[in-house]
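Here's protein_39.tsv, which has TSV, C-alpha atoms:
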```tsv
chain	number	residue	atom	x	y	z
D	224	MET	CA	30.57	-17.15	23.03
D	225	ILE	CA	33.17	-14.37	22.60
D	226	ASP	CA	36.07	-16.76	23.25
D	227	LYS	CA	34.64	-19.24	20.74
D	228	CYS	CA	34.35	-16.56	18.04
D	229	GLN	CA	37.88	-15.36	18.75
D	230	ARG	CA	39.27	-18.90	18.43
D	231	GLU	CA	37.42	-19.31	15.13
D	232	MET	CA	38.83	-16.00	13.93
D	233	THR	CA	42.34	-17.09	14.91
D	234	ASP	CA	42.20	-20.33	12.92
D	235	MET	CA	40.48	-18.66	9.99
D	236	ILE	CA	42.91	-15.74	9.67
D	237	GLY	CA	45.87	-18.08	9.95
D	238	CYS	CA	44.59	-19.99	6.91
D	239	ALA	CA	43.63	-16.89	4.96
D	240	LEU	CA	46.77	-14.81	5.57
D	241	GLY	CA	49.41	-17.43	6.20
D	242	VAL	CA	51.11	-15.32	8.87
D	243	SER	CA	52.85	-16.40	12.03
D	244	ASP	CA	51.08	-13.86	14.25
D	245	ALA	CA	47.62	-15.18	13.51
D	246	PRO	CA	46.71	-15.61	17.24
D	247	PHE	CA	47.46	-11.93	17.87
D	248	TYR	CA	45.40	-10.82	14.89
D	249	GLY	CA	42.60	-13.25	15.67
D	250	GLU	CA	42.19	-12.05	19.24
D	251	ALA	CA	42.07	-8.38	18.22
D	252	ILE	CA	39.77	-8.92	15.25
D	253	GLY	CA	37.49	-11.20	17.25
D	254	LYS	CA	37.02	-8.47	19.86
D	255	HIS	CA	36.32	-5.95	17.09
D	256	ILE	CA	33.66	-8.15	15.51
D	257	ILE	CA	31.94	-8.95	18.80
D	258	SER	CA	31.86	-5.24	19.70
D	259	SER	CA	30.21	-4.53	16.33
D	260	HIS	CA	27.21	-6.74	17.31
D	261	LEU	CA	27.17	-8.61	14.01
D	262	SER	CA	24.30	-11.03	13.65
D	263	GLY	CA	24.92	-14.73	13.14
D	264	PHE	CA	24.27	-14.53	9.41
D	265	LYS	CA	26.67	-11.61	8.93
D	266	LEU	CA	29.32	-13.37	11.00
D	267	TYR	CA	29.09	-16.43	8.73
D	268	VAL	CA	29.38	-14.21	5.66
D	269	LEU	CA	32.43	-12.50	7.12
D	270	THR	CA	33.98	-15.86	7.96
D	271	PHE	CA	33.50	-17.04	4.38
D	272	LEU	CA	35.09	-13.89	2.96
D	273	LEU	CA	38.06	-14.00	5.30
D	274	TYR	CA	38.73	-17.66	4.68
D	275	TYR	CA	38.86	-17.29	0.94
D	276	GLY	CA	40.87	-14.09	1.06
D	277	PHE	CA	38.18	-11.85	-0.46
D	278	LEU	CA	38.00	-9.34	2.37
D	279	PHE	CA	41.51	-7.95	2.10
D	280	SER	CA	44.60	-8.53	0.01
D	281	PRO	CA	47.70	-10.38	1.35
D	282	ILE	CA	49.26	-8.32	4.14
D	283	SER	CA	51.96	-10.64	5.44
D	284	ASP	CA	54.65	-8.02	4.66
D	285	LEU	CA	53.02	-5.36	6.89
D	286	ASN	CA	53.85	-4.74	10.53
D	287	PRO	CA	51.19	-5.48	13.21
D	288	GLN	CA	50.03	-1.84	13.45
D	289	GLU	CA	49.54	-1.59	9.67
D	290	VAL	CA	47.79	-4.95	9.64
D	291	MET	CA	45.26	-3.91	12.27
D	292	PHE	CA	44.62	-0.56	10.56
D	293	GLU	CA	43.95	-2.35	7.24
D	294	VAL	CA	41.75	-4.99	8.84
D	295	ALA	CA	39.76	-2.42	10.84
D	296	SER	CA	39.07	-0.32	7.74
D	297	ARG	CA	37.94	-3.36	5.75
D	298	LEU	CA	35.71	-4.54	8.59
D	299	ALA	CA	34.13	-1.09	8.76
D	300	GLN	CA	33.40	-1.22	5.03
D	301	PHE	CA	31.94	-4.69	5.42
D	302	HIS	CA	29.71	-3.61	8.30
D	303	VAL	CA	28.41	-0.55	6.41
D	304	SER	CA	27.73	-2.51	3.23
D	305	LEU	CA	25.51	-4.97	5.07
D	306	GLY	CA	23.63	-2.18	6.85
D	307	PRO	CA	22.88	-1.75	10.56
D	308	SER	CA	21.64	-4.68	12.59
D	309	GLY	CA	19.75	-5.11	15.79
D	310	PRO	CA	17.67	-2.50	17.61
D	311	SER	CA	20.26	0.26	17.32
D	312	SER	CA	19.28	3.86	16.72
D	313	GLY	CA	19.53	5.59	13.38
D	314	ALA	CA	21.88	8.37	12.39
D	315	SER	CA	19.66	10.98	14.00
D	316	GLY	CA	19.75	9.17	17.34
D	317	GLU	CA	16.00	8.53	17.33
D	318	PRO	CA	14.83	4.99	18.22
D	319	ARG	CA	13.19	3.02	15.46
D	320	PRO	CA	9.44	2.50	15.68
D	321	THR	CA	8.31	-0.96	16.73
D	322	ARG	CA	6.20	-1.15	13.58
D	323	PRO	CA	6.96	0.67	10.31
D	324	ASN	CA	4.59	3.14	8.73
D	325	VAL	CA	1.60	1.43	7.15
D	326	THR	CA	0.49	2.49	3.68
D	327	ILE	CA	-3.00	2.01	2.28
D	328	GLN	CA	-1.73	-0.91	0.20
D	329	ASP	CA	-0.18	-2.49	3.31
D	330	PHE	CA	-3.44	-2.09	5.18
D	331	ILE	CA	-5.39	-3.81	2.41
D	332	GLN	CA	-2.94	-6.73	2.52
D	333	ASP	CA	-3.25	-6.90	6.32
D	334	VAL	CA	-7.03	-7.06	5.96
D	335	ARG	CA	-6.61	-10.37	4.18
D	336	LYS	CA	-3.60	-11.64	6.10
D	337	ILE	CA	-4.52	-10.69	9.68
D	338	GLY	CA	-8.27	-10.36	9.30
D	339	GLY	CA	-8.56	-13.61	7.35
D	340	LEU	CA	-10.91	-12.09	4.75
D	341	LYS	CA	-11.09	-13.48	1.24
D	342	LYS	CA	-10.15	-11.31	-1.69
D	343	ASP	CA	-13.70	-11.29	-3.07
D	344	ASN	CA	-14.99	-9.93	0.25
D	345	VAL	CA	-12.88	-6.75	0.08
D	346	PHE	CA	-13.87	-3.88	-2.25
D	347	CYS	CA	-11.85	-0.71	-2.86
D	348	ASN	CA	-12.97	2.79	-3.90
D	349	LEU	CA	-16.63	1.93	-4.42
D	350	ARG	CA	-18.90	4.70	-5.69
D	351	ILE	CA	-22.27	4.62	-3.98
D	352	PRO	CA	-25.24	5.32	-6.29
D	353	THR	CA	-27.35	8.11	-4.75
D	354	GLU	CA	-30.28	10.21	-5.85
D	355	PHE	CA	-28.04	13.27	-6.21
D	356	PRO	CA	-24.54	11.99	-7.14
D	357	ASN	CA	-21.58	13.97	-5.85
D	358	PRO	CA	-18.23	12.78	-7.27
D	359	LYS	CA	-16.38	14.25	-4.27
D	360	GLU	CA	-18.46	12.53	-1.59
D	361	ASP	CA	-19.99	9.33	-2.96
D	362	ASP	CA	-17.01	6.96	-2.79
D	363	ILE	CA	-15.80	4.73	0.06
D	364	ASN	CA	-12.12	3.81	0.39
D	365	LEU	CA	-12.74	0.26	1.59
D	366	VAL	CA	-15.80	-1.95	2.05
D	367	MET	CA	-15.31	-5.24	3.90
D	368	LEU	CA	-17.96	-7.93	3.89
D	369	THR	CA	-17.73	-10.04	7.07
D	370	GLY	CA	-19.96	-12.24	9.17
D	371	HIS	CA	-20.20	-9.40	11.71
D	372	GLY	CA	-21.60	-7.03	9.09
D	373	VAL	CA	-20.54	-4.63	6.34
D	374	PHE	CA	-17.67	-2.37	7.39
D	375	CYS	CA	-17.33	0.91	5.46
D	376	ILE	CA	-13.86	2.33	6.07
D	377	ASP	CA	-12.37	5.72	5.32
D	378	VAL	CA	-8.56	5.52	5.46
D	379	LYS	CA	-6.54	8.54	6.61
D	380	THR	CA	-2.77	9.05	6.49
D	381	TRP	CA	-2.84	12.16	8.69
D	382	ARG	CA	0.06	13.00	11.00
D	383	GLY	CA	-0.02	15.13	14.14
D	384	THR	CA	-2.70	15.85	16.73
D	385	VAL	CA	-6.34	15.61	15.70
D	386	ALA	CA	-9.09	17.46	17.57
D	387	ALA	CA	-12.81	17.88	16.86
D	388	GLN	CA	-14.23	21.42	16.65
D	389	LYS	CA	-17.99	21.30	15.95
D	390	GLN	CA	-18.50	20.27	12.30
D	391	TYR	CA	-14.78	20.58	11.50
D	392	TRP	CA	-11.68	18.80	12.72
D	393	HIS	CA	-8.28	20.38	13.25
D	394	VAL	CA	-5.08	18.53	12.39
D	395	GLN	CA	-2.05	20.11	14.07
D	396	LEU	CA	1.44	19.06	12.99
D	397	LYS	CA	4.52	20.26	14.87
D	398	GLN	CA	7.94	20.34	13.23
D	399	GLU	CA	10.79	20.87	15.68
D	400	ASN	CA	14.06	22.34	14.47
D	401	GLN	CA	17.19	22.99	16.50
D	402	ASN	CA	16.13	26.39	17.82
D	403	LEU	CA	12.40	26.71	17.14
D	404	THR	CA	9.16	24.78	16.69
D	405	ASN	CA	6.83	25.30	13.74
D	406	ALA	CA	3.18	24.30	14.02
D	407	THR	CA	0.71	24.07	11.16
D	408	VAL	CA	-3.04	23.61	11.66
D	409	GLU	CA	-5.29	22.30	8.89
D	410	GLN	CA	-9.08	22.45	9.09
D	411	VAL	CA	-10.87	19.50	7.51
D	412	ALA	CA	-14.44	18.32	7.28
D	413	ASP	CA	-15.58	15.80	9.88
D	414	PRO	CA	-14.54	12.42	8.37
D	415	LEU	CA	-16.66	10.43	10.83
D	416	GLU	CA	-19.81	12.27	9.79
D	417	ALA	CA	-18.88	11.80	6.12
D	418	ILE	CA	-18.31	8.03	6.36
D	419	THR	CA	-21.50	7.66	8.44
D	420	ILE	CA	-23.50	9.30	5.64
D	421	LYS	CA	-21.81	7.13	3.02
D	422	THR	CA	-22.56	4.00	5.05
D	423	SER	CA	-26.20	5.02	5.29
D	424	ASN	CA	-26.27	5.63	1.52
D	425	LEU	CA	-24.87	2.15	0.93
D	426	TRP	CA	-27.55	0.59	3.14
D	427	GLN	CA	-30.26	2.54	1.31
D	428	HIS	CA	-28.85	1.36	-2.04
D	429	MET	CA	-28.98	-2.24	-0.82
D	430	LYS	CA	-32.55	-1.66	0.30
D	431	ARG	CA	-33.52	-0.29	-3.13
D	432	THR	CA	-32.09	-3.39	-4.80
D	433	GLY	CA	-34.26	-5.65	-2.62
D	434	ARG	CA	-31.58	-6.80	-0.14
D	435	ALA	CA	-33.27	-6.80	3.27
D	436	VAL	CA	-30.44	-6.32	5.75
D	437	HIS	CA	-30.81	-4.46	9.03
D	438	GLN	CA	-29.06	-1.09	9.13
D	439	LYS	CA	-27.28	-1.94	12.39
D	440	LEU	CA	-25.14	-4.43	10.42
D	441	PHE	CA	-23.55	-1.56	8.45
D	442	HIS	CA	-20.63	-0.17	10.44
D	443	PRO	CA	-18.77	3.10	9.64
D	444	ARG	CA	-15.09	3.29	10.59
D	445	VAL	CA	-12.26	5.81	10.16
D	446	VAL	CA	-8.77	4.26	10.25
D	447	PHE	CA	-5.65	6.36	10.93
D	448	LEU	CA	-2.54	4.64	9.57
D	449	ALA	CA	0.26	6.98	10.74
D	450	PRO	CA	1.88	6.00	14.07
D	451	ASP	CA	2.39	9.69	14.97
D	452	CYS	CA	-1.30	10.56	14.57
D	453	GLN	CA	-2.75	11.29	18.01
D	454	LEU	CA	-6.46	11.82	18.74
D	455	ASP	CA	-7.65	14.10	21.50
D	456	GLU	CA	-9.40	12.73	24.57
D	457	GLU	CA	-12.93	13.09	23.21
D	458	LEU	CA	-12.14	11.38	19.89
D	459	ARG	CA	-10.39	8.47	21.61
D	460	LYS	CA	-13.73	7.53	23.17
D	461	ARG	CA	-15.32	6.90	19.78
D	462	ARG	CA	-15.24	3.22	18.83
D	463	GLU	CA	-15.68	4.18	15.16
D	464	LEU	CA	-12.14	5.63	15.14
D	465	VAL	CA	-9.18	3.23	14.86
D	466	VAL	CA	-5.63	4.49	15.42
D	467	HIS	CA	-2.34	2.88	14.41
D	468	SER	CA	-1.82	1.00	17.70
D	469	GLN	CA	-5.26	-0.62	17.39
D	470	LEU	CA	-4.92	-1.87	13.79
D	471	ASP	CA	-3.95	-5.46	14.56
D	472	ALA	CA	-6.66	-5.89	17.21
D	473	PHE	CA	-9.22	-4.35	14.87
D	474	LEU	CA	-8.35	-6.74	12.04
D	475	ARG	CA	-8.18	-9.81	14.30
D	476	SER	CA	-11.73	-9.13	15.42
D	477	PHE	CA	-12.92	-10.27	11.98
D	478	ARG	CA	-11.60	-13.80	12.50
D	479	GLU	CA	-14.23	-16.33	13.51
D	480	SER	CA	-13.70	-19.56	15.38
D	481	TYR	CA	-14.91	-22.85	13.95
D	482	VAL	CA	-17.66	-22.96	16.59
D	483	ALA	CA	-18.95	-19.53	15.53
D	484	TRP	CA	-18.63	-20.52	11.86
D	485	MET	CA	-20.73	-23.66	12.38
D	486	SER	CA	-23.22	-21.78	14.55
D	487	ASP	CA	-23.79	-19.10	11.89
D	488	ALA	CA	-24.41	-21.84	9.33
D	489	VAL	CA	-27.49	-23.13	11.19
D	490	THR	CA	-28.68	-20.06	13.15
D	491	PRO	CA	-31.03	-17.55	11.45
D	492	ALA	CA	-29.52	-14.10	10.92
D	493	TRP	CA	-32.26	-12.34	12.91
D	494	LEU	CA	-31.38	-14.50	15.91
D	495	SER	CA	-27.58	-14.54	15.72
D	496	GLY	CA	-27.17	-10.85	14.84
D	497	HIS	CA	-24.69	-11.82	12.10
D	498	LEU	CA	-25.01	-11.90	8.33
D	499	SER	CA	-26.16	-15.25	7.02
D	500	TYR	CA	-24.37	-16.94	4.12
D	501	GLY	CA	-27.29	-16.15	1.87
D	502	GLN	CA	-27.24	-12.47	2.82
D	503	MET	CA	-23.50	-12.25	2.28
D	504	GLY	CA	-23.89	-13.77	-1.18
D	505	GLU	CA	-26.63	-11.29	-2.11
D	506	LEU	CA	-24.67	-8.29	-0.83
D	507	LYS	CA	-21.55	-9.47	-2.63
D	508	GLU	CA	-23.37	-9.56	-5.97
D	509	VAL	CA	-24.54	-5.97	-5.52
D	510	LEU	CA	-21.07	-4.77	-4.47
D	511	ARG	CA	-19.49	-6.45	-7.49
D	512	ARG	CA	-21.76	-4.49	-9.84
D	513	MET	CA	-20.99	-1.14	-8.21
D	514	GLY	CA	-18.59	1.12	-10.07
D	515	THR	CA	-15.22	2.42	-8.99
D	516	TRP	CA	-13.02	5.10	-10.52
D	517	ASP	CA	-11.34	4.78	-13.89
D	518	LEU	CA	-7.55	4.94	-13.58
D	519	LEU	CA	-5.50	6.73	-16.23
D	520	ARG	CA	-1.75	6.13	-16.01
D	521	LEU	CA	0.52	8.57	-17.83
D	522	GLU	CA	3.84	7.66	-19.45
D	523	GLY	CA	5.73	9.31	-16.60
D	524	GLY	CA	4.00	7.07	-14.03
D	525	GLU	CA	1.47	9.60	-12.68
D	526	LEU	CA	-1.93	8.06	-11.91
D	527	LEU	CA	-5.17	10.03	-12.42
D	528	LYS	CA	-8.44	8.91	-10.84
D	529	GLY	CA	-11.72	9.90	-12.48
D	530	ASP	CA	-14.08	9.07	-15.34
D	531	TYR	CA	-13.06	8.17	-18.88
D	532	ARG	CA	-15.38	10.06	-21.21
D	533	SER	CA	-14.44	9.34	-24.82
D	534	CYS	CA	-11.72	9.04	-27.41
D	535	PRO	CA	-12.17	9.84	-31.13
D	536	TYR	CA	-11.85	6.91	-33.55
D	537	ILE	CA	-12.64	4.39	-30.75
D	538	ALA	CA	-16.06	2.82	-30.14
D	539	LEU	CA	-15.77	1.34	-26.67
D	540	ASN	CA	-18.00	-1.17	-24.90
D	541	ARG	CA	-17.25	-0.66	-21.21
D	542	GLN	CA	-18.99	-3.88	-20.18
D	543	GLU	CA	-16.61	-5.91	-22.34
D	544	THR	CA	-13.38	-3.90	-22.06
D	545	ASP	CA	-11.21	-3.90	-18.94
D	546	VAL	CA	-7.98	-2.13	-19.97
D	547	MET	CA	-6.95	0.17	-22.81
D	548	GLU	CA	-3.21	0.04	-23.48
D	549	PHE	CA	-1.54	2.81	-25.52
D	550	SER	CA	1.73	2.23	-27.37
D	551	LYS	CA	3.59	4.43	-29.84
D	552	ILE	CA	6.84	4.61	-31.82
D	553	LYS	CA	9.26	5.98	-29.27
D	554	THR	CA	12.48	6.52	-31.24
D	555	LEU	CA	13.16	9.90	-32.82
D	556	SER	CA	14.62	8.33	-35.96
D	557	ALA	CA	11.46	6.34	-36.58
D	558	ASP	CA	9.28	9.44	-36.11
D	559	SER	CA	11.46	11.36	-38.55
D	560	LEU	CA	11.24	8.55	-41.10
D	561	TRP	CA	7.44	8.53	-40.89
D	562	ALA	CA	7.41	12.30	-41.38
D	563	LEU	CA	9.65	12.08	-44.47
D	564	LEU	CA	7.26	9.53	-45.95
D	565	GLY	CA	4.35	11.89	-45.36
D	566	HIS	CA	2.78	9.97	-42.48
D	567	ALA	CA	1.80	11.47	-39.13
D	568	PRO	CA	2.94	9.61	-35.98
D	569	GLN	CA	0.34	7.19	-34.70
D	570	VAL	CA	-0.61	5.44	-31.47
D	571	THR	CA	-1.83	1.85	-31.22
D	572	VAL	CA	-4.59	1.20	-28.69
D	573	LYS	CA	-5.10	-2.39	-27.51
D	574	MET	CA	-8.36	-3.12	-25.70
D	575	TYR	CA	-8.37	-6.18	-23.44
D	576	ARG	CA	-11.47	-8.18	-22.63
D	577	ARG	CA	-12.90	-7.94	-19.13
D	578	GLY	CA	-12.66	-11.03	-16.96
D	579	ALA	CA	-10.08	-13.44	-15.65
D	580	PRO	CA	-6.99	-13.97	-17.85
D	581	GLY	CA	-6.65	-17.19	-19.80
D	582	TRP	CA	-3.65	-19.43	-20.36
D	583	LEU	CA	-2.08	-16.90	-22.72
D	584	GLY	CA	-2.96	-13.81	-20.69
D	585	LYS	CA	-5.86	-11.41	-21.14
D	586	PRO	CA	-7.51	-11.81	-24.56
D	587	LEU	CA	-7.77	-8.82	-26.88
D	588	SER	CA	-11.24	-7.54	-27.68
D	589	ALA	CA	-10.16	-4.95	-30.27
D	590	THR	CA	-7.20	-2.96	-31.59
D	591	ALA	CA	-7.25	0.55	-33.06
D	592	THR	CA	-4.67	2.90	-34.56
D	593	ILE	CA	-5.23	6.61	-33.93
D	594	PRO	CA	-3.25	9.80	-34.71
D	595	ASN	CA	-0.56	10.75	-32.24
D	596	SER	CA	-2.29	14.07	-31.46
D	597	THR	CA	-5.67	12.54	-30.57
D	598	GLN	CA	-7.17	14.05	-27.41
D	599	VAL	CA	-8.63	11.63	-24.84
D	600	ILE	CA	-11.44	13.19	-22.80
D	601	PHE	CA	-11.13	12.38	-19.07
D	602	ARG	CA	-12.84	13.94	-16.03
D	603	VAL	CA	-10.36	13.95	-13.15
D	604	ASN	CA	-11.93	13.33	-9.74
D	605	GLY	CA	-12.63	16.64	-7.99
D	606	GLU	CA	-12.55	18.79	-11.11
D	607	GLU	CA	-15.60	20.55	-12.52
D	608	THR	CA	-14.71	20.22	-16.22
D	609	ASP	CA	-13.34	17.53	-18.53
D	610	SER	CA	-9.64	17.40	-19.39
D	611	SER	CA	-8.18	16.73	-22.84
D	612	ILE	CA	-5.12	14.48	-22.58
D	613	PRO	CA	-2.94	13.75	-25.67
D	614	ALA	CA	-2.98	10.05	-26.53
D	615	HIS	CA	0.81	9.85	-26.88
D	616	THR	CA	1.23	10.80	-23.19
D	617	ILE	CA	-1.00	7.95	-21.91
D	618	HIS	CA	0.31	4.54	-20.90
D	619	SER	CA	-2.98	2.81	-20.04
D	620	ILE	CA	-6.56	3.32	-18.86
D	621	THR	CA	-8.19	0.83	-16.47
D	622	LEU	CA	-11.96	0.98	-16.77
D	623	SER	CA	-14.41	0.35	-13.96
D	624	ILE	CA	-17.74	-1.31	-14.59
```
Taking this structure as input, can you express it in the form of structure tokens?
Amino acid sequence: MIDKCQREMTDMIGCALGVSDAPFYGEAIGKHIISSHLSGFKLYVLTFLLYYGFLFSPISDLNPQEVMFEVASRLAQFHVSLGPSGPSSGASGEPRPTRPNVTIQDFIQDVRKIGGLKKDNVFCNLRIPTEFPNPKEDDINLVMLTGHGVFCIDVKTWRGTVAAQKQYWHVQLKQENQNLTNATVEQVADPLEAITIKTSNLWQHMKRTGRAVHQKLFHPRVVFLAPDCQLDEELRKRRELVVHSQLDAFLRSFRESYVAWMSDAVTPAWLSGHLSYGQMGELKEVLRRMGTWDLLRLEGGELLKGDYRSCPYIALNRQETDVMEFSKIKTLSADSLWALLGHAPQVTVKMYRRGAPGWLGKPLSATATIPNSTQVIFRVNGEETDSSIPAHTIHSITLSI
């Protein structure tokens, strides 16, 4: 393989440079390229550039030492521009992980891709109606409706070592420097107990709505996405806890074979231990009507999660409106012109109808023009009081049902 690449380099450089010492250059450059471990694609790109003379300028007037110095520097630039290849280590010398860090968004995509679940069977950030609502404790990160049951999942991005201490858990993160090691310990509430209570609340809500499903079909889970999150020995025994190395196996467990699919279609739910199609349809209707958080996006890109309360000059029907989009005159000259004419700056609010978009996008339900200084009342999740946010700083508000 090396000899073949060197011969190709020899012929190619002879055409590109038009020099008599092409075999000498080709042998040396071929060895340099092979030692750089270029992939097949990068080698073809390099061949194309060399052939058409785009890699380096004509150097036929240089001596062999100058030629090799010029070629080596250009090859180094080429290699850096394409980035590292293969399983080599990074600049710090640490080996790359076999699987990159998984974000919450990645995990949701894997639920559909690896787990084979349909989009309408996955619900995010549901708020469970309870007798005594608590905004800090009544929402579930992810609810998955499967034939095996309803999985209520709390997603954690913790890093470090996790240990259980009575009703609290300790998350210890070590940061090693050159001469010393720093360790930080954070005490958090027991997430397994929390998601178990939320799962029970969801089952009780289903029961109140007349959906008769056995409680054993509601499964609480806590998923840890970070590869460097390690559970202690006692926690590793709990099947309700899923660490990074178990993610793929956990999601594949939701896939059903055709035999199981056909069996569930004709076997009663009380006999098979799975959710019937009728039960899944009833549960799905209830989950669709459950609220989530309103999302307020600021002009700078920051996203606030909470409850939209009100906005002066706007009469809003939440059942009909899905998104409120705020737009204003952004140029300073335009603002100054409005001021000279005696007008205060204004913001246009477009309200889009809830539901699937049509051929021309989402249809407008209403449009309003409000003063630039209008205060939008919004209760941020976790705060005890409402916040007043100037309308001209808001990009959009996505409303839950």
Counting all atoms listed in the file, the residue of D:Thr432, D:Thr590, D:Arg382, D:Leu415 that sits nearest Arg462 (chain D)
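Comparing D:Thr432, D:Thr590, D:Arg382, D:Leu415 against Arg462 (chain D), the winner is D:Leu415.
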Separating CA of Ile617 (chain D) from CA of Asn540 (chain D), to the nearest tenth of an Å, is a gap of 19.5 Å
Which residue is closest to Glu525 (chain D)? Choose from D:Val465, D:Ile620, D:Ala435, D:Val345 and count only C-alpha atoms.
D:Ile620
Would you compute the box with edges along x, y and z of the file around region 593-599 of chain D, including every atom the file lists for it and 4 Å extra on each side, and give its centre and edge lengths in Å to one decimal, as AutoDock Vina command-line options?
```
--center_x -4.6 --center_y 10.3 --center_z -29.8 --size_x 16.1 --size_y 15.5 --size_z 17.9
```
Env of region 514-518 of chain D: 12 Å cut, atoms = only C-alpha atoms, seq-sep filter 4 positions within chain, self excluded. Answer as number ranges by chain.
D: 346-352, 358-359, 361-366, 509-510, 524-532, 541-542, 545-548, 601-605, 617-624
If you count all atoms listed in the file, which residues fall within 7 Å of region 422-426 of chain D, apart from same-chain ones fewer than 2 positions away, as an NGL selection string?
:D and (351 or 353 or 375 or 418-420 or 428-430 or 438 or 441 or 443)
For Lys336 (chain D), the nearest of the candidates D:Leu474, D:Leu506, D:Cys534, D:Val572, counting only C-alpha atoms:
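Among the listed residues, D:Leu474 lies closest to Lys336 (chain D).
The two atoms in question, CA of Arg520 (chain D) and CA of Ser610 (chain D), are spaced 14.2 Å apart.
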Name the residues in contact with Leu458 (chain D) at a cut-off of 12 Å, using all atoms listed in the file, excluding same-chain residues fewer than 5 positions from it; report them as number ranges by chain.
D: 384-388, 392-393, 413-415, 445, 453, 463-466
Just how far from CA of Ala472 (chain D) is CA of Asp451 (chain D), in Å to one decimal?
18.2 Å
